[in-house]
Every structure is written in C-alpha cells, then in structure tokens.
Amino acid sequence: MATGRLLNDEAEALRMEIRKSLPYGQDWLATPHQLLGGDTPEERILAGDLETVNNLFHSILYVGVV
C-alpha cells in the first residue's frame, strides 16, 4: 500500500511541475503525443509510466519549445 501511495505522490508532483512550468500544462497533459504512442501524458501517468512522461516533459523544457 505504501508503494501505491508513493507512486500517487510522485504522479501528483509531476502533474504540478508540468502545470507550473508549461504555459498550457493542463492542456498538454490531455493532448495525445506522438512520442507517447498517441497516448496523452495523463494516460501514461495513470498507467504508472512516470519516467517516460517526465523525460518527454524535461526534453521539451530543455529545447525551449515553450
């Protein structure tokens, strides 16, 4: 049970970071992305694939897309 709680905390922390860092972070979370196989970042977060979403998000920040 503690592991599930930790995953939920990490997921919420990632969502908050995305919302804070991207001008339209909430919209980005709900938009299908080619590099996520057509899934939305939120779908991948719910599936527990935080690392992939985090890597994509930080790549976007790094290249300065926003």
# chains A, B, ... in the order shown; residues from 1 in each chain; ligands from 1
call {"tool": "residues_around", "arguments": {"residues": "region 29-35 of chain A", "least_positions_apart": "2", "cutoff": "12 Å", "atoms": "only C-alpha atoms", "output": "VMD selection string"}}
result
chain A and resid 11 14 to 19 22 to 27 37 to 46 52 to 57 59 to 60
call {"tool": "closest_residue", "arguments": {"among": "A:Leu61, A:Asp49, A:Arg5, A:Leu36", "to": "Ser21 (chain A)", "atoms": "only C-alpha atoms"}}
result
A:Leu61
call {"tool": "select_by_dssp", "arguments": {"residues": "chain A", "states": "alpha helix (DSSP H)", "output": "ChimeraX atom specification"}}
result
/A:2-21,25-29,41-46,50-63
